[in-house]
>>> print(open('run_18.tsv').read())   # TSV, C-alpha atoms
chain	number	residue	atom	x	y	z
A	508	MET	CA	-17.36	-11.80	12.36
A	509	THR	CA	-13.79	-10.73	13.04
A	510	GLY	CA	-10.75	-12.88	13.58
A	511	PRO	CA	-7.31	-12.08	14.97
A	512	ASP	CA	-6.78	-8.31	15.29
A	513	GLU	CA	-9.97	-7.40	13.43
A	514	LEU	CA	-9.38	-9.69	10.45
A	515	HIS	CA	-12.79	-9.97	8.78
A	516	VAL	CA	-14.07	-13.52	8.33
A	517	THR	CA	-17.40	-14.33	6.67
A	518	THR	CA	-19.02	-17.50	8.01
A	519	TRP	CA	-21.32	-19.77	6.01
A	520	GLY	CA	-22.94	-22.86	7.52
A	521	ASP	CA	-22.14	-25.04	10.49
A	522	GLY	CA	-20.18	-28.21	11.10
A	523	GLU	CA	-16.49	-29.00	10.68
A	524	PRO	CA	-14.57	-25.74	10.12
A	525	ALA	CA	-12.88	-24.97	6.81
A	526	VAL	CA	-10.75	-21.84	6.43
A	527	LEU	CA	-10.65	-20.50	2.85
A	528	VAL	CA	-8.03	-17.93	1.84
A	529	HIS	CA	-8.31	-15.89	-1.38
A	530	GLY	CA	-5.57	-14.73	-3.71
A	531	SER	CA	-4.80	-11.46	-5.47
A	532	PHE	CA	-7.57	-9.18	-6.79
A	533	GLY	CA	-10.27	-10.99	-4.82
A	534	TRP	CA	-11.72	-11.29	-1.34
A	535	GLY	CA	-13.49	-14.00	0.62
A	536	GLU	CA	-17.04	-13.91	-0.67
A	537	GLU	CA	-15.94	-13.06	-4.22
A	538	THR	CA	-13.34	-15.81	-4.62
A	539	TRP	CA	-15.38	-18.54	-2.96
A	540	ARG	CA	-18.87	-17.63	-4.15
A	541	GLU	CA	-19.36	-20.99	-5.87
A	542	GLN	CA	-18.41	-22.93	-2.73
A	543	ARG	CA	-21.48	-21.93	-0.72
A	544	PRO	CA	-23.16	-25.36	-1.29
A	545	LEU	CA	-20.42	-26.86	0.90
A	546	ALA	CA	-21.95	-24.99	3.84
A	547	ASP	CA	-24.61	-27.70	4.06
A	548	ARG	CA	-22.20	-29.77	6.18
A	549	TYR	CA	-19.23	-27.51	6.86
A	550	ARG	CA	-18.64	-24.16	8.55
A	551	LEU	CA	-16.87	-22.16	5.87
A	552	LEU	CA	-14.68	-19.34	7.20
A	553	LEU	CA	-13.94	-16.98	4.32
A	554	VAL	CA	-10.97	-14.80	5.20
A	555	ASP	CA	-10.54	-11.27	3.86
A	556	ARG	CA	-6.78	-10.72	3.88
A	557	ARG	CA	-5.42	-7.35	5.05
A	558	GLY	CA	-6.50	-4.62	2.64
A	559	PHE	CA	-9.04	-6.82	0.88
A	560	GLY	CA	-12.81	-6.97	1.29
A	561	ARG	CA	-13.89	-5.78	4.72
A	562	THR	CA	-10.49	-6.08	6.42
A	563	PRO	CA	-8.67	-2.75	6.66
A	564	PRO	CA	-5.09	-2.52	5.37
A	565	ARG	CA	-2.15	-2.63	7.73
A	566	ASP	CA	0.62	-0.06	7.76
A	567	GLU	CA	3.09	-2.52	6.24
A	568	ARG	CA	2.87	-3.76	2.66
A	569	VAL	CA	0.81	-6.88	1.98
A	570	ASP	CA	3.06	-9.80	2.84
A	571	PHE	CA	2.49	-13.55	2.68
A	572	GLU	CA	4.36	-13.95	5.99
A	573	LEU	CA	2.08	-11.53	7.86
A	574	ASP	CA	-0.99	-13.08	6.23
A	575	ALA	CA	0.25	-16.52	7.29
A	576	ASP	CA	0.50	-15.24	10.86
A	577	ASP	CA	-3.15	-14.12	10.65
A	578	VAL	CA	-4.32	-17.47	9.29
A	579	ALA	CA	-2.27	-19.45	11.80
A	580	ALA	CA	-3.77	-17.40	14.64
A	581	LEU	CA	-7.27	-18.06	13.26
A	582	LEU	CA	-6.53	-21.80	13.08
A	583	GLY	CA	-5.50	-21.78	16.70
A	584	ARG	CA	-8.90	-20.58	17.92
A	585	GLY	CA	-10.94	-23.72	17.40
A	586	PRO	CA	-10.90	-27.42	16.45
A	587	ARG	CA	-8.72	-28.69	13.62
A	588	ALA	CA	-9.82	-27.10	10.37
A	589	HIS	CA	-9.63	-27.86	6.70
A	590	LEU	CA	-7.45	-25.21	5.04
A	591	VAL	CA	-7.86	-24.09	1.42
A	592	GLY	CA	-5.85	-21.42	-0.38
A	593	HIS	CA	-6.17	-20.03	-3.88
A	594	SER	CA	-3.23	-18.48	-5.77
A	595	TYR	CA	-1.40	-16.01	-3.46
A	596	GLY	CA	-3.62	-17.39	-0.71
A	597	GLY	CA	-2.16	-20.80	-1.50
A	598	VAL	CA	1.29	-19.53	-0.59
A	599	VAL	CA	-0.21	-18.05	2.58
A	600	THR	CA	-1.84	-21.36	3.55
A	601	LEU	CA	1.32	-23.37	2.88
A	602	ARG	CA	3.19	-21.07	5.27
A	603	ALA	CA	0.34	-21.04	7.82
A	604	ALA	CA	-0.02	-24.84	7.85
A	605	ALA	CA	3.69	-25.18	8.62
A	606	ARG	CA	3.29	-22.76	11.54
A	607	ARG	CA	0.43	-24.70	13.15
A	608	PRO	CA	0.25	-28.23	11.69
A	609	GLY	CA	-1.61	-29.59	14.71
A	610	ALA	CA	-4.54	-27.28	13.93
A	611	VAL	CA	-4.90	-28.47	10.32
A	612	ARG	CA	-7.25	-31.32	9.36
A	613	SER	CA	-6.41	-31.13	5.64
A	614	LEU	CA	-4.67	-28.75	3.23
A	615	CYS	CA	-5.77	-27.91	-0.31
A	616	VAL	CA	-3.90	-25.41	-2.48
A	617	ILE	CA	-5.08	-24.13	-5.85
A	618	GLU	CA	-2.30	-23.07	-8.24
A	619	PRO	CA	-0.16	-21.31	-5.63
A	620	PRO	CA	2.58	-19.10	-7.15
A	621	ALA	CA	5.23	-20.87	-5.07
A	622	LEU	CA	7.78	-19.76	-7.63
A	623	ALA	CA	10.83	-20.51	-5.48
A	624	LEU	CA	10.17	-24.18	-6.26
A	625	VAL	CA	10.78	-23.67	-9.98
A	626	ARG	CA	13.45	-20.96	-10.04
A	627	GLY	CA	15.90	-21.45	-12.88
A	628	ARG	CA	13.32	-22.58	-15.40
A	629	PRO	CA	13.36	-20.07	-18.28
A	630	ASP	CA	9.57	-19.87	-18.43
A	631	ALA	CA	9.36	-19.27	-14.67
A	632	GLU	CA	12.03	-16.59	-14.74
A	633	GLU	CA	10.27	-14.86	-17.64
A	634	PHE	CA	6.96	-15.04	-15.77
A	635	ILE	CA	8.48	-13.51	-12.62
A	636	ALA	CA	10.05	-10.74	-14.68
A	637	ARG	CA	6.74	-9.94	-16.40
A	638	VAL	CA	4.83	-9.74	-13.11
A	639	ASP	CA	7.56	-7.62	-11.51
A	640	ALA	CA	7.49	-5.27	-14.50
A	641	ALA	CA	3.70	-4.98	-14.22
A	642	ALA	CA	4.07	-3.73	-10.64
A	643	ASP	CA	6.96	-1.40	-11.45
A	644	GLU	CA	5.42	0.16	-14.54
A	645	ALA	CA	1.77	0.48	-13.48
A	646	SER	CA	0.38	3.98	-12.97
A	647	ASP	CA	-2.61	3.07	-10.76
A	648	PRO	CA	-4.44	-0.03	-9.43
A	649	GLU	CA	-6.55	-0.48	-12.55
A	650	ASP	CA	-3.48	-0.25	-14.77
A	651	TYR	CA	-1.70	-2.77	-12.55
A	652	ARG	CA	-4.55	-5.26	-12.84
A	653	ALA	CA	-4.51	-4.96	-16.63
A	654	ARG	CA	-0.73	-5.39	-16.80
A	655	PHE	CA	-0.86	-8.31	-14.36
A	656	LEU	CA	-3.44	-10.17	-16.46
A	657	ARG	CA	-1.41	-9.58	-19.59
A	658	ALA	CA	1.61	-11.06	-17.78
A	659	PHE	CA	-0.47	-14.24	-17.42
A	660	GLY	CA	-1.36	-14.11	-21.12
A	661	PHE	CA	-4.93	-12.84	-20.72
A	662	SER	CA	-6.51	-9.82	-22.38
A	663	PRO	CA	-8.17	-7.74	-19.64
A	664	ALA	CA	-11.63	-6.34	-20.17
A	665	GLN	CA	-11.82	-2.57	-20.46
A	666	GLU	CA	-13.77	-1.84	-17.30
A	667	ARG	CA	-13.55	0.50	-14.34
A	668	LEU	CA	-13.07	-1.16	-10.99
A	669	LYS	CA	-15.50	-0.26	-8.24
A	670	MET	CA	-15.34	-0.37	-4.45
A	671	ASP	CA	-14.06	-3.76	-3.24
A	672	ALA	CA	-12.59	-4.61	-6.65
A	673	PHE	CA	-10.61	-1.36	-6.72
A	674	SER	CA	-9.41	-1.87	-3.14
A	675	ALA	CA	-8.37	-5.44	-3.98
A	676	ALA	CA	-6.38	-4.23	-6.98
A	677	GLN	CA	-4.72	-1.57	-4.84
A	678	ALA	CA	-3.77	-4.12	-2.18
A	679	SER	CA	-2.56	-6.59	-4.81
A	680	TRP	CA	-0.28	-3.92	-6.26
A	681	ALA	CA	1.37	-3.70	-2.83
A	682	GLU	CA	1.85	-7.46	-2.36
A	683	ARG	CA	5.28	-8.81	-1.62
A	684	SER	CA	6.33	-11.01	-4.51
A	685	PRO	CA	5.37	-14.63	-3.86
A	686	ALA	CA	8.61	-15.60	-5.62
A	687	GLU	CA	10.31	-14.66	-2.34
A	688	ALA	CA	8.37	-17.26	-0.34
A	689	GLU	CA	10.33	-20.23	0.90
A	690	ILE	CA	7.98	-23.20	1.00
A	691	PRO	CA	8.74	-25.62	3.87
A	692	VAL	CA	7.98	-28.69	1.78
A	693	ASP	CA	9.85	-31.20	3.95
A	694	GLU	CA	8.09	-30.00	7.10
A	695	LEU	CA	4.71	-30.09	5.37
A	696	ALA	CA	5.39	-33.53	3.90
A	697	ASP	CA	6.04	-34.85	7.40
A	698	ALA	CA	2.79	-33.37	8.76
A	699	ASP	CA	0.09	-36.00	9.28
A	700	PHE	CA	-2.75	-34.18	7.50
A	701	PRO	CA	-3.63	-35.02	3.86
A	702	LYS	CA	-2.78	-32.61	1.06
A	703	LEU	CA	-4.48	-31.89	-2.26
A	704	VAL	CA	-3.00	-29.82	-5.08
A	705	VAL	CA	-5.52	-28.43	-7.58
A	706	ARG	CA	-4.98	-26.79	-10.95
A	707	GLY	CA	-6.87	-25.94	-14.06
A	708	ALA	CA	-6.16	-27.65	-17.36
A	709	TRP	CA	-5.95	-24.24	-19.07
A	710	ASP	CA	-7.44	-25.99	-22.11
A	711	ALA	CA	-9.93	-23.20	-22.81
A	712	ALA	CA	-7.50	-20.36	-22.08
A	713	PRO	CA	-6.20	-18.05	-24.82
A	714	PRO	CA	-3.13	-19.40	-26.65
A	715	GLU	CA	-0.82	-16.86	-25.03
A	716	ALA	CA	-2.01	-17.87	-21.56
A	717	ARG	CA	-1.40	-21.53	-22.39
A	718	THR	CA	2.16	-20.54	-23.28
A	719	ARG	CA	2.83	-18.13	-20.41
A	720	GLY	CA	0.82	-19.12	-17.35
A	721	ALA	CA	-0.07	-22.77	-17.77
A	722	PRO	CA	3.47	-24.27	-17.89
A	723	VAL	CA	4.63	-22.33	-14.84
A	724	PHE	CA	1.68	-23.19	-12.61
A	725	GLY	CA	1.68	-26.75	-13.91
A	726	ALA	CA	5.35	-27.14	-12.95
A	727	ILE	CA	4.75	-25.71	-9.47
A	728	CYS	CA	1.84	-28.07	-8.89
A	729	GLU	CA	3.85	-31.07	-10.07
A	730	VAL	CA	6.65	-30.25	-7.62
A	731	LEU	CA	4.17	-29.87	-4.77
A	732	VAL	CA	2.40	-33.14	-5.57
A	733	GLU	CA	5.69	-35.02	-5.63
A	734	ARG	CA	7.36	-33.42	-2.62
A	735	LEU	CA	4.28	-33.23	-0.37
A	736	HIS	CA	3.10	-36.72	-1.36
A	737	ALA	CA	-0.15	-34.97	-2.19
A	738	GLU	CA	-3.23	-35.92	-4.14
A	739	SER	CA	-3.68	-34.10	-7.45
A	740	ALA	CA	-6.76	-32.81	-9.25
A	741	VAL	CA	-6.83	-31.16	-12.69
A	742	PHE	CA	-10.03	-29.50	-13.91
A	743	PRO	CA	-10.76	-29.20	-17.64
A	744	GLY	CA	-12.48	-26.00	-18.68
A	745	ALA	CA	-10.66	-23.95	-16.06
A	746	ALA	CA	-7.46	-21.95	-15.95
A	747	HIS	CA	-6.22	-20.28	-12.76
A	748	ASN	CA	-9.62	-20.31	-10.99
A	749	PRO	CA	-10.98	-23.88	-11.04
A	750	GLN	CA	-13.02	-23.20	-7.88
A	751	LEU	CA	-15.31	-21.04	-10.01
A	752	LEU	CA	-16.48	-24.16	-11.85
A	753	GLY	CA	-18.67	-24.82	-8.82
A	754	ALA	CA	-20.05	-28.35	-8.68
A	755	PRO	CA	-17.11	-30.34	-10.13
A	756	PHE	CA	-14.64	-28.59	-7.84
A	757	ASN	CA	-16.96	-28.83	-4.83
A	758	GLU	CA	-17.52	-32.55	-5.33
A	759	ARG	CA	-13.77	-33.20	-5.41
A	760	LEU	CA	-13.11	-31.00	-2.39
A	761	ARG	CA	-15.97	-32.57	-0.44
A	762	ALA	CA	-14.61	-36.07	-1.15
A	763	PHE	CA	-11.15	-34.95	-0.02
A	764	TRP	CA	-12.53	-33.48	3.20
A	765	GLU	CA	-14.55	-36.60	3.93
A	766	SER	CA	-11.46	-38.77	3.45
A	767	ALA	CA	-9.67	-36.62	6.05
A	768	ALA	CA	-12.34	-37.09	8.72
>>> encode(input="run_18.tsv", output="C-alpha cells")
Amino acid sequence: MTGPDELHVTTWGDGEPAVLVHGSFGWGEETWREQRPLADRYRLLLVDRRGFGRTPPRDERVDFELDADDVAALLGRGPRAHLVGHSYGGVVTLRAAARRPGAVRSLCVIEPPALALVRGRPDAEEFIARVDAAADEASDPEDYRARFLRAFGFSPAQERLKMDAFSAAQASWAERSPAEAEIPVDELADADFPKLVVRGAWDAAPPEARTRGAPVFGAICEVLVERLHAESAVFPGAAHNPQLLGAPFNERLRAFWESAA
C-alpha cells in the first residue's frame, strides 16, 4: 500500500496499528523481518522512508524533519498507533510523535542517534566527527557504507551491494546528520503515551565497537530514559540492532504494547 504522497508502507496482519520506521541502510521489510510474529495480533505498518525500499527519493536530501512529516501524516490517518523507530528512524519517530501526540498509543525507540542530547562528551564528538568524515570522504555508496561501519567500530564485509541495499546506501549517504536534530524531550515527557527505550548490550561486539559505538548510544539512551520517564530494555547478545534477535525483543515489545492498551 502507499501512504502520504506515495510513501510505500508494507502491511502485515490485522488488529491495533503499529507503525515501524527503519534507520540507515535498511528498509521496512529488511529491518523488521524478525517482527513478523507480532502480526498475529497487530497490524504492522512497515514504512519505507524516502529513497529506501519501494519509496522513490524526493528532490531534497534525506532529512529527519521531512521523514517526521511523512510519519506524522501517516499517524493521522487512523486510530492511535504504536510507534517504533530504529536508529535514524528513532530520531524520526521522536520528532513525529511530538508533532501528533494524540495519534500515538505508545512510543518505542531503538538506539536513536539523538546526538544533540550528548554534545560535549568527547566520545560523542569523536563519533560525530568520524561519521561526518565517512560521508565527506566516501567515493560511492558502497564505500560510504564501509566507512560508516568502521566509524561504529565494525569491520565491514567485502561484498557488493545489490538493488535495494545499494539504493539504501545511496540514500543513507545523503541523510542530514542526526546530530542536528533537536529532540523535544520536555514535550514528549508531558505526552500521555508510554515510552520505551531499547538498546543492545554490545557485549558480543568487536572491542573497537564497544569502545566507539556502545558508550555513545548508551549515553543517549540513558538521557532519554531519564528525561522521558521511559521504560528501559537492554538486550544481551545484540549491538545496534536488537530487533534482529527476534523472540526476546518481540516478547518485550508485545508486553509493552499490551500495557499501553
>>> atom_distance(input="run_18.tsv", atom1="atom CA of A:Ala623", atom2="atom CA of A:Val723")
11.4 Å
>>> closest_residue(input="run_18.tsv", among="A:Tyr651, A:Phe724, A:Trp534, A:Phe571", to="A:Glu618", atoms="only C-alpha atoms")
A:Phe724
>>> residues_around(input="run_18.tsv", residues="A:Leu614", least_positions_apart="3", cutoff="9 Å", atoms="only C-alpha atoms", output="ChimeraX atom specification")
/A:588-592,600-601,604,611,700-704
>>> residues_around(input="run_18.tsv", residues="A:Ala672", least_positions_apart="2", cutoff="9 Å", atoms="all atoms listed in the file", output="MDAnalysis selection string")
chainID A and resid 532:534 559:560 668:670 674:677
>>> atom_distance(input="run_18.tsv", atom1="atom CA of A:Pro629", atom2="atom CA of A:Cys728")
16.9 Å
>>> closest_residue(input="run_18.tsv", among="A:Ala721, A:Val616, A:Ala754, A:Ile635", to="A:Ala737", atoms="all atoms listed in the file")
A:Val616
>>> closest_residue(input="run_18.tsv", among="A:Arg626, A:Pro691, A:Gly660, A:Ala686", to="A:Ala746", atoms="only C-alpha atoms")
A:Gly660
>>> closest_residue(input="run_18.tsv", among="A:Ala698, A:Ala740, A:Val638, A:Ala580", to="A:Glu682", atoms="all atoms listed in the file")
A:Val638
>>> residues_around(input="run_18.tsv", residues="A:Ala678", least_positions_apart="3", cutoff="12 Å", atoms="all atoms listed in the file", output="VMD selection string")
chain A and resid 530 to 534 555 to 560 562 to 570 642 647 to 649 651 to 652 671 to 675 681 to 683
>>> atom_distance(input="run_18.tsv", atom1="atom CA of A:Glu765", atom2="atom CA of A:Leu552")
17.6 Å
>>> closest_residue(input="run_18.tsv", among="A:Arg717, A:Arg706, A:His736, A:Arg657", to="A:Ser594", atoms="only C-alpha atoms")
A:Arg706
>>> closest_residue(input="run_18.tsv", among="A:Pro749, A:Gly597, A:Pro722, A:Gly520", to="A:Arg628", atoms="only C-alpha atoms")
A:Pro722
